[in-house]
Structure formats: structure tokens, C-alpha cells
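Each remark here refers to the structure printed beneath this line.
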Amino acid sequence: MSFNHKQTTTSNYVRLECSGQFSVTAMMELLELTFDAAITANRGAALIDLRTVSGPTPDTLQRYEMGARVASIQRDRGHFLRLAVVGNEPMIDPERFAAVVSGNRGASVRGFTDIVDAISWLDEGPAIRDPTD
């Protein structure tokens with residue numbers, strides 16, 4: 001099952017506003033879609049808005065898998081971007097574990113509960129570069 005989403009492109013990033021029931025499968029599909037949308041739009045940043053997503057809160061293992069997947073997609077696509085994920089706690093983990101997992105693997109990901117903070121973070125810097133360069 002996948003999320004319903006609305007995609008818009010700004011001058012700096014691709015934004016996907018999502019709704020529906022959370023599932024790890026849906027989130028993994030959304031991550032792939034987000035990277036593909038950023039590549040197509042030639043953007044170095046993306047924002048995933050999960051504020052209206054409901055359903056079960058991911059557990060620690062699921063957060064680990066999602067965080068690792070971001071870095072894996074980044075490597076597979078060869079497209080390194082800043083990724084902001086916005087949602088409400090506890091959907092967004094107060095410890096930001098998935099972002100830590102991604103960051104440990106070279107990705108530039110942050111979790112937010114405030115959309116303004118997320119947009120500010122995306123606007124403040126360029127896309128991350130391939131750490132192997």
C-alpha cells in the first residue's frame with residue numbers, strides 16, 4: 001500500500017505532501033519516488049511532509065531500515081540531496097534515529113516537527129556532494 005501524495009517543485013526542492021496510513025512498505029516506496037522526483041526536477045533537496053499520515057508508529061528496527069534505505073537509494077541513484085522529513089511526534093522520532101542512521105552512512109537527512117524549520121534547513125545549504133569524491 002502506498003501513500004496518497006501531492007508533488008510540487010519549488011526553486012530549491014521537491015515537496016511531497018503525503019496522506020494515508022503509514023506502513024514501512026509505503027515509506028520505502030515514497031523514498032524511491034522522492035529521489036526520482038528530485039532527479040527529474042534537477043533539484044538537490046526534497047521535503048517529505050507526513051503531517052497528515054496516520055497509523056502505527058514505526059519501531060526502532062523499522063526506523064533503522066528506513067534510515068539505511070535513504071543512504072542506499074542515494075548511492076544507487078548517484079544523487080546526493082538534502083532530505084527533510086516533517087511529521088508529528090511520535091511518527092517523527094524525538095531522537096531522530098532514522099536520520100542518525102542515514103547520516104552515519106553519508107546521507108543528509110533531518111526529521112522535523114515544524115514545516116518552517118524544515119524549509120529553512122533546506123534553503124540554507126546546497127545539496128550534499130558524493131562523499132566518495
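Following the order of the C-alpha cells, chains are lettered A, B, ..., residues in each are numbered from 1, and ligands are numbered from 1.
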(request) May I have the residues within 6 Å of range 64-78 of chain A as a PyMOL selection string, using only C-alpha atoms and disregarding those fewer than 6 positions away in the same chain? (result) chain A and resi 98-99+101-102+105+107
Could you save those same residues with N, CA and C atoms as a PDB file, in the first residue's frame?
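File out-v8.pdb, as written:
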ATOM      1  N   ALA A  98      16.230   7.520  12.643  1.00  0.00           N
ATOM      2  CA  ALA A  98      16.398   7.221  11.216  1.00  0.00           C
ATOM      3  C   ALA A  98      17.361   8.206  10.561  1.00  0.00           C
ATOM      4  N   ALA A  99      17.286   9.469  10.947  1.00  0.00           N
ATOM      5  CA  ALA A  99      18.199  10.478  10.394  1.00  0.00           C
ATOM      6  C   ALA A  99      19.632  10.206  10.828  1.00  0.00           C
ATOM      7  N   VAL A 101      20.892   7.230  11.502  1.00  0.00           N
ATOM      8  CA  VAL A 101      21.321   6.069  10.711  1.00  0.00           C
ATOM      9  C   VAL A 101      21.718   6.516   9.304  1.00  0.00           C
ATOM     10  N   SER A 102      20.904   7.357   8.686  1.00  0.00           N
ATOM     11  CA  SER A 102      21.216   7.866   7.348  1.00  0.00           C
ATOM     12  C   SER A 102      22.510   8.658   7.349  1.00  0.00           C
ATOM     13  N   ARG A 105      25.721   6.931   7.297  1.00  0.00           N
ATOM     14  CA  ARG A 105      26.011   6.308   6.009  1.00  0.00           C
ATOM     15  C   ARG A 105      26.231   7.336   4.906  1.00  0.00           C
ATOM     16  N   ALA A 107      24.363  10.205   4.204  1.00  0.00           N
ATOM     17  CA  ALA A 107      23.218  10.958   3.695  1.00  0.00           C
ATOM     18  C   ALA A 107      22.999  12.226   4.522  1.00  0.00           C
TER      19      ALA A 107
END
(request) Please provide as a PyMOL selection string all residues within 12 Å of range 18-31 of chain A, with the sequence filter that same-chain residues fewer than 4 positions apart are discarded (counting only C-alpha atoms). (result) chain A and resi 1-8+35-38+46-74+77+83-87+91-92+109
File dump, residues just selected, N, CA and C atoms, as a compact mmCIF listing (two decimals), in the first residue's frame:
# COMPACT_ATOMS: atom_id res chain seq x y z
N MET A 1 0.84 -1.17 0.00
CA MET A 1 0.00 0.00 0.00
C MET A 1 0.89 1.24 0.00
N SER A 2 0.55 2.20 -0.82
CA SER A 2 1.34 3.41 -0.90
C SER A 2 0.55 4.61 -0.38
N PHE A 3 1.27 5.68 -0.13
CA PHE A 3 0.64 6.92 0.32
C PHE A 3 -0.01 7.63 -0.85
N ASN A 4 -1.05 8.38 -0.56
CA ASN A 4 -1.52 9.38 -1.50
C ASN A 4 -0.55 10.54 -1.36
N HIS A 5 -0.22 11.19 -2.44
CA HIS A 5 0.69 12.32 -2.32
C HIS A 5 0.43 13.36 -3.40
N LYS A 6 0.82 14.57 -3.06
CA LYS A 6 0.78 15.70 -4.00
C LYS A 6 2.22 16.18 -4.12
N GLN A 7 2.70 16.27 -5.33
CA GLN A 7 4.09 16.68 -5.56
C GLN A 7 4.13 18.07 -6.16
N THR A 8 4.97 18.92 -5.59
CA THR A 8 5.21 20.25 -6.14
C THR A 8 6.73 20.46 -6.20
N PHE A 35 13.45 10.48 -4.43
CA PHE A 35 14.73 10.61 -5.13
C PHE A 35 14.51 10.75 -6.63
N ASP A 36 13.62 9.93 -7.20
CA ASP A 36 13.36 10.00 -8.63
C ASP A 36 12.78 11.36 -9.00
N ALA A 37 11.90 11.91 -8.17
CA ALA A 37 11.32 13.22 -8.44
C ALA A 37 12.38 14.31 -8.39
N ALA A 38 13.28 14.23 -7.43
CA ALA A 38 14.35 15.22 -7.32
C ALA A 38 15.29 15.15 -8.54
N ALA A 46 14.85 17.76 -1.07
CA ALA A 46 13.47 17.28 -1.10
C ALA A 46 12.87 17.39 0.29
N LEU A 47 11.58 17.59 0.33
CA LEU A 47 10.83 17.65 1.58
C LEU A 47 9.69 16.64 1.50
N ILE A 48 9.64 15.76 2.48
CA ILE A 48 8.53 14.81 2.61
C ILE A 48 7.69 15.26 3.78
N ASP A 49 6.42 15.56 3.52
CA ASP A 49 5.51 16.05 4.55
C ASP A 49 4.57 14.91 4.95
N LEU A 50 4.77 14.39 6.16
CA LEU A 50 3.97 13.27 6.68
C LEU A 50 2.97 13.73 7.75
N ARG A 51 2.73 15.02 7.86
CA ARG A 51 1.91 15.53 8.97
C ARG A 51 0.49 14.98 8.98
N THR A 52 -0.06 14.56 7.85
CA THR A 52 -1.41 14.01 7.84
C THR A 52 -1.43 12.49 7.69
N VAL A 53 -0.28 11.87 7.79
CA VAL A 53 -0.20 10.41 7.74
C VAL A 53 -0.57 9.86 9.12
N SER A 54 -1.38 8.83 9.12
CA SER A 54 -1.79 8.21 10.39
C SER A 54 -1.37 6.75 10.39
N GLY A 55 -1.70 6.08 11.45
CA GLY A 55 -1.39 4.66 11.52
C GLY A 55 -0.36 4.35 12.57
N PRO A 56 0.16 3.15 12.53
CA PRO A 56 1.11 2.72 13.56
C PRO A 56 2.43 3.48 13.48
N THR A 57 2.98 3.72 14.64
CA THR A 57 4.29 4.38 14.72
C THR A 57 5.38 3.35 14.43
N PRO A 58 6.35 3.70 13.58
CA PRO A 58 7.40 2.73 13.31
C PRO A 58 8.22 2.41 14.55
N ASP A 59 8.65 1.16 14.65
CA ASP A 59 9.50 0.77 15.78
C ASP A 59 10.97 1.05 15.44
N THR A 60 11.86 0.77 16.35
CA THR A 60 13.27 1.09 16.18
C THR A 60 13.88 0.38 14.97
N LEU A 61 13.58 -0.89 14.80
CA LEU A 61 14.12 -1.62 13.65
C LEU A 61 13.62 -1.02 12.34
N GLN A 62 12.34 -0.68 12.28
CA GLN A 62 11.79 -0.07 11.07
C GLN A 62 12.45 1.28 10.78
N ARG A 63 12.69 2.06 11.83
CA ARG A 63 13.37 3.35 11.66
C ARG A 63 14.79 3.12 11.12
N TYR A 64 15.46 2.10 11.65
CA TYR A 64 16.80 1.76 11.18
C TYR A 64 16.75 1.42 9.68
N GLU A 65 15.82 0.57 9.30
CA GLU A 65 15.70 0.14 7.91
C GLU A 65 15.43 1.33 6.98
N MET A 66 14.55 2.24 7.41
CA MET A 66 14.23 3.40 6.58
C MET A 66 15.44 4.33 6.46
N GLY A 67 16.14 4.54 7.56
CA GLY A 67 17.33 5.39 7.52
C GLY A 67 18.41 4.82 6.63
N ALA A 68 18.64 3.52 6.75
CA ALA A 68 19.64 2.87 5.90
C ALA A 68 19.22 2.91 4.43
N ARG A 69 17.93 2.81 4.19
CA ARG A 69 17.43 2.80 2.81
C ARG A 69 17.69 4.13 2.11
N VAL A 70 17.57 5.24 2.85
CA VAL A 70 17.84 6.54 2.24
C VAL A 70 19.26 6.58 1.69
N ALA A 71 20.21 6.16 2.49
CA ALA A 71 21.61 6.16 2.06
C ALA A 71 21.83 5.19 0.89
N SER A 72 21.16 4.07 0.92
CA SER A 72 21.28 3.09 -0.16
C SER A 72 20.72 3.65 -1.47
N ILE A 73 19.57 4.28 -1.42
CA ILE A 73 18.97 4.88 -2.63
C ILE A 73 19.91 5.96 -3.17
N GLN A 74 20.43 6.75 -2.28
CA GLN A 74 21.35 7.82 -2.66
C GLN A 74 22.54 7.25 -3.44
N ARG A 77 21.29 5.72 -6.87
CA ARG A 77 20.91 6.72 -7.87
C ARG A 77 22.07 7.66 -8.21
N LEU A 83 17.50 15.95 2.49
CA LEU A 83 16.15 15.43 2.63
C LEU A 83 15.61 15.82 3.99
N ALA A 84 14.52 16.56 3.99
CA ALA A 84 13.81 16.92 5.22
C ALA A 84 12.52 16.12 5.28
N VAL A 85 12.27 15.49 6.43
CA VAL A 85 11.04 14.74 6.64
C VAL A 85 10.31 15.42 7.79
N VAL A 86 9.07 15.85 7.52
CA VAL A 86 8.28 16.58 8.51
C VAL A 86 7.09 15.74 8.91
N GLY A 87 6.85 15.67 10.20
CA GLY A 87 5.69 14.95 10.72
C GLY A 87 5.49 15.30 12.17
N MET A 91 5.40 9.90 15.19
CA MET A 91 5.76 9.42 13.85
C MET A 91 7.19 9.87 13.54
N ILE A 92 7.50 11.12 13.84
CA ILE A 92 8.89 11.58 13.79
C ILE A 92 9.46 11.30 15.18
N VAL A 109 20.05 13.97 5.97
CA VAL A 109 18.63 13.83 6.28
C VAL A 109 18.37 14.41 7.66
(message) Could you tell me how far CA of Leu81 in chain A sits from CA of Leu122 in chain A, in Å to one decimal place?
(response)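 These atoms are spaced 9.7 Å apart.
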(message) Which residue is closest to His79 in chain A? Choose from A:Thr113, A:Asn104, A:Thr40, A:Asn12 and count only C-alpha atoms.
(response)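 The answer is A:Thr40, which sits nearest to His79 in chain A.
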